[in-house]
Amino acid sequence: MPESTGDRPLGVFGGTFDPVHLGHLRLAEEATDALGLAGIRWIPAGQPALRDAPQAAAQQRLAMVRLATAGNPRFTVDAGEVEAARPSYTVQTLERLRRADACGPQRPLVLLVGADAFAGLPAWHRWQSLFDLAHIAIAHRPGFPIAVADLPATLAACWSVHFCDQPALLAESPSGRIVTFAMTQMAISATQIRALLASGASTRYLLPDAVIAHIDKHHLYQEN
Ligand code: ATP
């Protein structure tokens with residue numbers, strides 16, 4: 001079980017994954033190496049709190065994440081949010097992980113987010129509590145430069161307290177640091193993929209083949 005490899009930090013990757021794509025997969029794979037993580041726990045949202053209802057049902061999105069991550073020993077999939085009959089709030093997800101199984105109170109947890117998601121952090125439920133529960137690692141994403149001067153004032157203040165330029169230090173405490181990491185820049189989004197599918201265009205090489213086959217089989221994303 002990769003997650004239990006020593007006490008190395010565990011990556012936590014939440015998202016709508018509507019559908020999961022190669023940008024998500026490279027983010028998780030590259031974060032594992034760049035940040036010295038034991039592995040990544042993928043957590044699809046059941047009912048995302050801050051956006052319109054996803055187009056695909058939660059169980060379909062979970063199934064696609066399982067297909068996309070199958071065979072990668074660094075990845076595990078957590079169905080807890082899909083199975084919960086309530087909106088998904090990251091702070092509650094992390095509290096659940098802290099109570100449960102492999103994590104406990106002391107294991108370093110590293111919440112992975114793209115630069116766009118990080119900029120929106122002040123809209124998240126109890127967002128300042130996130131730093132008591134996990135570190136946050138921000139992936140560079142095309143179109144969303146990480147510019148501290150452009151962050152909302154509350155988030156910029158938080159950055160000045162928590163930013164750390166040495167990812168190795170993530171292993172030394174359970175939570176509370178912000179790091180950034182470079183990843184292969186891939187201008188792929190689920191929004192773009194849903195639009196391609198609705199228009200009947202090819203999504204090949206943007207998604208794993210197994211996910212494309214699942215979308216075809218279940219006739220997902222036929223309308224925009
Ligand atoms: P949508 O277009 O529907 O908003 P998305 O492609 O942004 O979806 P999400 O499931 O919302 O996908 O993203 C989950 C996480 O992955 C977020 O933190 C997001 O910032 C990050 N992410 C998604 N795509 C990329 C990408 N191409 N590069 C870097 N980060 C990404």
# chains A, B, ... in the order shown; residues from 1 in each chain; ligands from 1
$ residues_near_ligand --ligand "ligand 1" --cutoff "8 Å" --atoms "only C-alpha atoms and all ligand atoms" --output "ChimeraX atom specification"
/A:13-24,27,44,54,112-118,139-142,183,185-193
$ write_last_selection --atoms "C-alpha atoms" --output "PDB file, in the first residue's frame"
ATOM      1  CA  PHE A  13      -6.100  15.556  -4.637  1.00  0.00           C
ATOM      2  CA  GLY A  14      -9.724  16.640  -4.646  1.00  0.00           C
ATOM      3  CA  GLY A  15     -11.637  17.793  -7.680  1.00  0.00           C
ATOM      4  CA  THR A  16     -14.835  17.550  -9.632  1.00  0.00           C
ATOM      5  CA  PHE A  17     -13.101  15.464 -12.295  1.00  0.00           C
ATOM      6  CA  ASP A  18     -15.939  15.987 -14.770  1.00  0.00           C
ATOM      7  CA  PRO A  19     -14.167  14.202 -16.437  1.00  0.00           C
ATOM      8  CA  VAL A  20     -10.660  13.398 -15.177  1.00  0.00           C
ATOM      9  CA  HIS A  21      -8.029  14.288 -17.819  1.00  0.00           C
ATOM     10  CA  LEU A  22      -4.312  14.094 -18.497  1.00  0.00           C
ATOM     11  CA  GLY A  23      -3.708  17.485 -16.855  1.00  0.00           C
ATOM     12  CA  HIS A  24      -4.938  16.010 -13.567  1.00  0.00           C
ATOM     13  CA  LEU A  27      -0.251  17.065 -11.852  1.00  0.00           C
ATOM     14  CA  PRO A  44     -13.721  13.097  -6.347  1.00  0.00           C
ATOM     15  CA  PRO A  54     -21.374  18.543 -12.522  1.00  0.00           C
ATOM     16  CA  LEU A 112      -2.804  19.602  -4.207  1.00  0.00           C
ATOM     17  CA  VAL A 113      -4.481  22.453  -6.075  1.00  0.00           C
ATOM     18  CA  GLY A 114      -4.013  24.173  -9.405  1.00  0.00           C
ATOM     19  CA  ALA A 115      -3.153  27.870  -9.416  1.00  0.00           C
ATOM     20  CA  ASP A 116      -6.720  28.783 -10.421  1.00  0.00           C
ATOM     21  CA  ALA A 117      -8.188  26.891  -7.489  1.00  0.00           C
ATOM     22  CA  PHE A 118      -5.734  28.454  -5.053  1.00  0.00           C
ATOM     23  CA  ALA A 139       0.636  23.562  -9.356  1.00  0.00           C
ATOM     24  CA  HIS A 140       1.391  26.058 -12.079  1.00  0.00           C
ATOM     25  CA  ARG A 141      -1.393  26.067 -14.681  1.00  0.00           C
ATOM     26  CA  PRO A 142      -1.416  27.799 -18.085  1.00  0.00           C
ATOM     27  CA  MET A 183       4.611  20.733 -13.735  1.00  0.00           C
ATOM     28  CA  GLN A 185       2.224  22.836 -18.611  1.00  0.00           C
ATOM     29  CA  MET A 186      -0.903  21.352 -20.170  1.00  0.00           C
ATOM     30  CA  ALA A 187      -3.668  23.713 -21.236  1.00  0.00           C
ATOM     31  CA  ILE A 188      -6.325  21.045 -20.769  1.00  0.00           C
ATOM     32  CA  SER A 189      -9.561  21.604 -18.858  1.00  0.00           C
ATOM     33  CA  ALA A 190     -12.645  19.514 -18.245  1.00  0.00           C
ATOM     34  CA  THR A 191     -14.689  22.424 -19.618  1.00  0.00           C
ATOM     35  CA  GLN A 192     -12.860  22.171 -22.942  1.00  0.00           C
ATOM     36  CA  ILE A 193     -13.314  18.394 -22.993  1.00  0.00           C
TER      37      ILE A 193
END
$ residues_around --residues "Leu170 in chain A" --least-positions-apart "6" --cutoff "8 Å" --atoms "only C-alpha atoms" --output "ChimeraX atom specification"
/A:9,35,108,110,135,177
$ select_by_dssp --residues "range 9-168 of chain A" --states "helix (DSSP H, G or I)" --output "PyMOL selection string"
chain A and resi 22-35+58-69+80-83+90-99+115-119+121-123+127-133+148-150+153-162+167-168
$ write_last_selection --atoms "C-alpha atoms" --output "PDB file, in the first residue's frame"
ATOM      1  CA  LEU A  22      -4.312  14.094 -18.497  1.00  0.00           C
ATOM      2  CA  GLY A  23      -3.708  17.485 -16.855  1.00  0.00           C
ATOM      3  CA  HIS A  24      -4.938  16.010 -13.567  1.00  0.00           C
ATOM      4  CA  LEU A  25      -2.867  12.869 -14.021  1.00  0.00           C
ATOM      5  CA  ARG A  26       0.380  14.691 -14.758  1.00  0.00           C
ATOM      6  CA  LEU A  27      -0.251  17.065 -11.852  1.00  0.00           C
ATOM      7  CA  ALA A  28      -0.538  14.119  -9.458  1.00  0.00           C
ATOM      8  CA  GLU A  29       2.371  12.178 -10.950  1.00  0.00           C
ATOM      9  CA  GLU A  30       4.741  15.151 -10.993  1.00  0.00           C
ATOM     10  CA  ALA A  31       3.713  16.318  -7.510  1.00  0.00           C
ATOM     11  CA  THR A  32       4.656  12.915  -6.133  1.00  0.00           C
ATOM     12  CA  ASP A  33       8.230  13.285  -7.350  1.00  0.00           C
ATOM     13  CA  ALA A  34       8.640  17.017  -6.811  1.00  0.00           C
ATOM     14  CA  LEU A  35       7.315  16.963  -3.254  1.00  0.00           C
ATOM     15  CA  ALA A  58     -20.905  11.392  -9.009  1.00  0.00           C
ATOM     16  CA  GLN A  59     -20.670   7.612  -9.478  1.00  0.00           C
ATOM     17  CA  GLN A  60     -19.692   8.092 -13.127  1.00  0.00           C
ATOM     18  CA  ARG A  61     -16.980  10.600 -12.213  1.00  0.00           C
ATOM     19  CA  LEU A  62     -15.699   8.218  -9.549  1.00  0.00           C
ATOM     20  CA  ALA A  63     -15.671   5.345 -12.046  1.00  0.00           C
ATOM     21  CA  MET A  64     -13.646   7.441 -14.500  1.00  0.00           C
ATOM     22  CA  VAL A  65     -11.102   8.372 -11.799  1.00  0.00           C
ATOM     23  CA  ARG A  66     -10.770   4.685 -10.930  1.00  0.00           C
ATOM     24  CA  LEU A  67     -10.158   3.819 -14.586  1.00  0.00           C
ATOM     25  CA  ALA A  68      -7.677   6.666 -15.065  1.00  0.00           C
ATOM     26  CA  THR A  69      -5.600   5.815 -11.998  1.00  0.00           C
ATOM     27  CA  GLY A  80     -15.936   8.977   0.725  1.00  0.00           C
ATOM     28  CA  GLU A  81     -17.187  12.254  -0.720  1.00  0.00           C
ATOM     29  CA  VAL A  82     -19.122  10.594  -3.527  1.00  0.00           C
ATOM     30  CA  GLU A  83     -20.849   8.363  -1.001  1.00  0.00           C
ATOM     31  CA  THR A  90     -12.452  20.267   1.566  1.00  0.00           C
ATOM     32  CA  VAL A  91     -12.078  21.210   5.213  1.00  0.00           C
ATOM     33  CA  GLN A  92     -14.486  18.412   6.172  1.00  0.00           C
ATOM     34  CA  THR A  93     -12.734  15.972   3.854  1.00  0.00           C
ATOM     35  CA  LEU A  94      -9.430  16.693   5.580  1.00  0.00           C
ATOM     36  CA  GLU A  95     -11.030  16.369   9.014  1.00  0.00           C
ATOM     37  CA  ARG A  96     -12.321  12.966   7.951  1.00  0.00           C
ATOM     38  CA  LEU A  97      -8.831  11.928   6.818  1.00  0.00           C
ATOM     39  CA  ARG A  98      -7.335  13.111  10.086  1.00  0.00           C
ATOM     40  CA  ARG A  99      -9.785  10.946  12.028  1.00  0.00           C
ATOM     41  CA  ALA A 115      -3.153  27.870  -9.416  1.00  0.00           C
ATOM     42  CA  ASP A 116      -6.720  28.783 -10.421  1.00  0.00           C
ATOM     43  CA  ALA A 117      -8.188  26.891  -7.489  1.00  0.00           C
ATOM     44  CA  PHE A 118      -5.734  28.454  -5.053  1.00  0.00           C
ATOM     45  CA  ALA A 119      -6.675  31.988  -6.114  1.00  0.00           C
ATOM     46  CA  LEU A 121      -9.438  29.764  -1.782  1.00  0.00           C
ATOM     47  CA  PRO A 122     -11.109  32.556   0.273  1.00  0.00           C
ATOM     48  CA  ALA A 123     -14.480  31.393  -1.065  1.00  0.00           C
ATOM     49  CA  TRP A 127     -10.663  28.109   4.388  1.00  0.00           C
ATOM     50  CA  GLN A 128      -8.264  29.369   7.029  1.00  0.00           C
ATOM     51  CA  SER A 129      -8.718  26.092   8.925  1.00  0.00           C
ATOM     52  CA  LEU A 130      -7.220  24.236   5.962  1.00  0.00           C
ATOM     53  CA  PHE A 131      -3.762  25.232   7.208  1.00  0.00           C
ATOM     54  CA  ASP A 132      -4.379  23.451  10.511  1.00  0.00           C
ATOM     55  CA  LEU A 133      -5.152  20.262   8.623  1.00  0.00           C
ATOM     56  CA  VAL A 148       1.150  37.197  -4.951  1.00  0.00           C
ATOM     57  CA  ALA A 149       0.402  40.856  -5.769  1.00  0.00           C
ATOM     58  CA  ASP A 150      -2.795  39.787  -7.544  1.00  0.00           C
ATOM     59  CA  ALA A 153      -5.640  40.644   0.460  1.00  0.00           C
ATOM     60  CA  THR A 154      -6.642  37.942   2.953  1.00  0.00           C
ATOM     61  CA  LEU A 155      -4.954  35.269   0.866  1.00  0.00           C
ATOM     62  CA  ALA A 156      -1.815  37.361   0.314  1.00  0.00           C
ATOM     63  CA  ALA A 157      -1.586  37.826   4.091  1.00  0.00           C
ATOM     64  CA  CYS A 158      -1.908  34.089   4.527  1.00  0.00           C
ATOM     65  CA  TRP A 159       0.782  33.527   1.911  1.00  0.00           C
ATOM     66  CA  SER A 160       3.238  35.719   3.797  1.00  0.00           C
ATOM     67  CA  VAL A 161       2.739  33.594   6.913  1.00  0.00           C
ATOM     68  CA  HIS A 162       2.726  30.133   5.328  1.00  0.00           C
ATOM     69  CA  PRO A 167       9.360  21.358  -0.350  1.00  0.00           C
ATOM     70  CA  ALA A 168      11.558  19.063   1.759  1.00  0.00           C
TER      71      ALA A 168
END
$ select_by_dssp --residues "range 52-171 of chain A" --states "strand (DSSP E)" --output "JSON, numbers by chain"
{"A": [75, 76, 77, 87, 88, 109, 110, 111, 112, 113, 114, 135, 136, 137, 138, 139]}
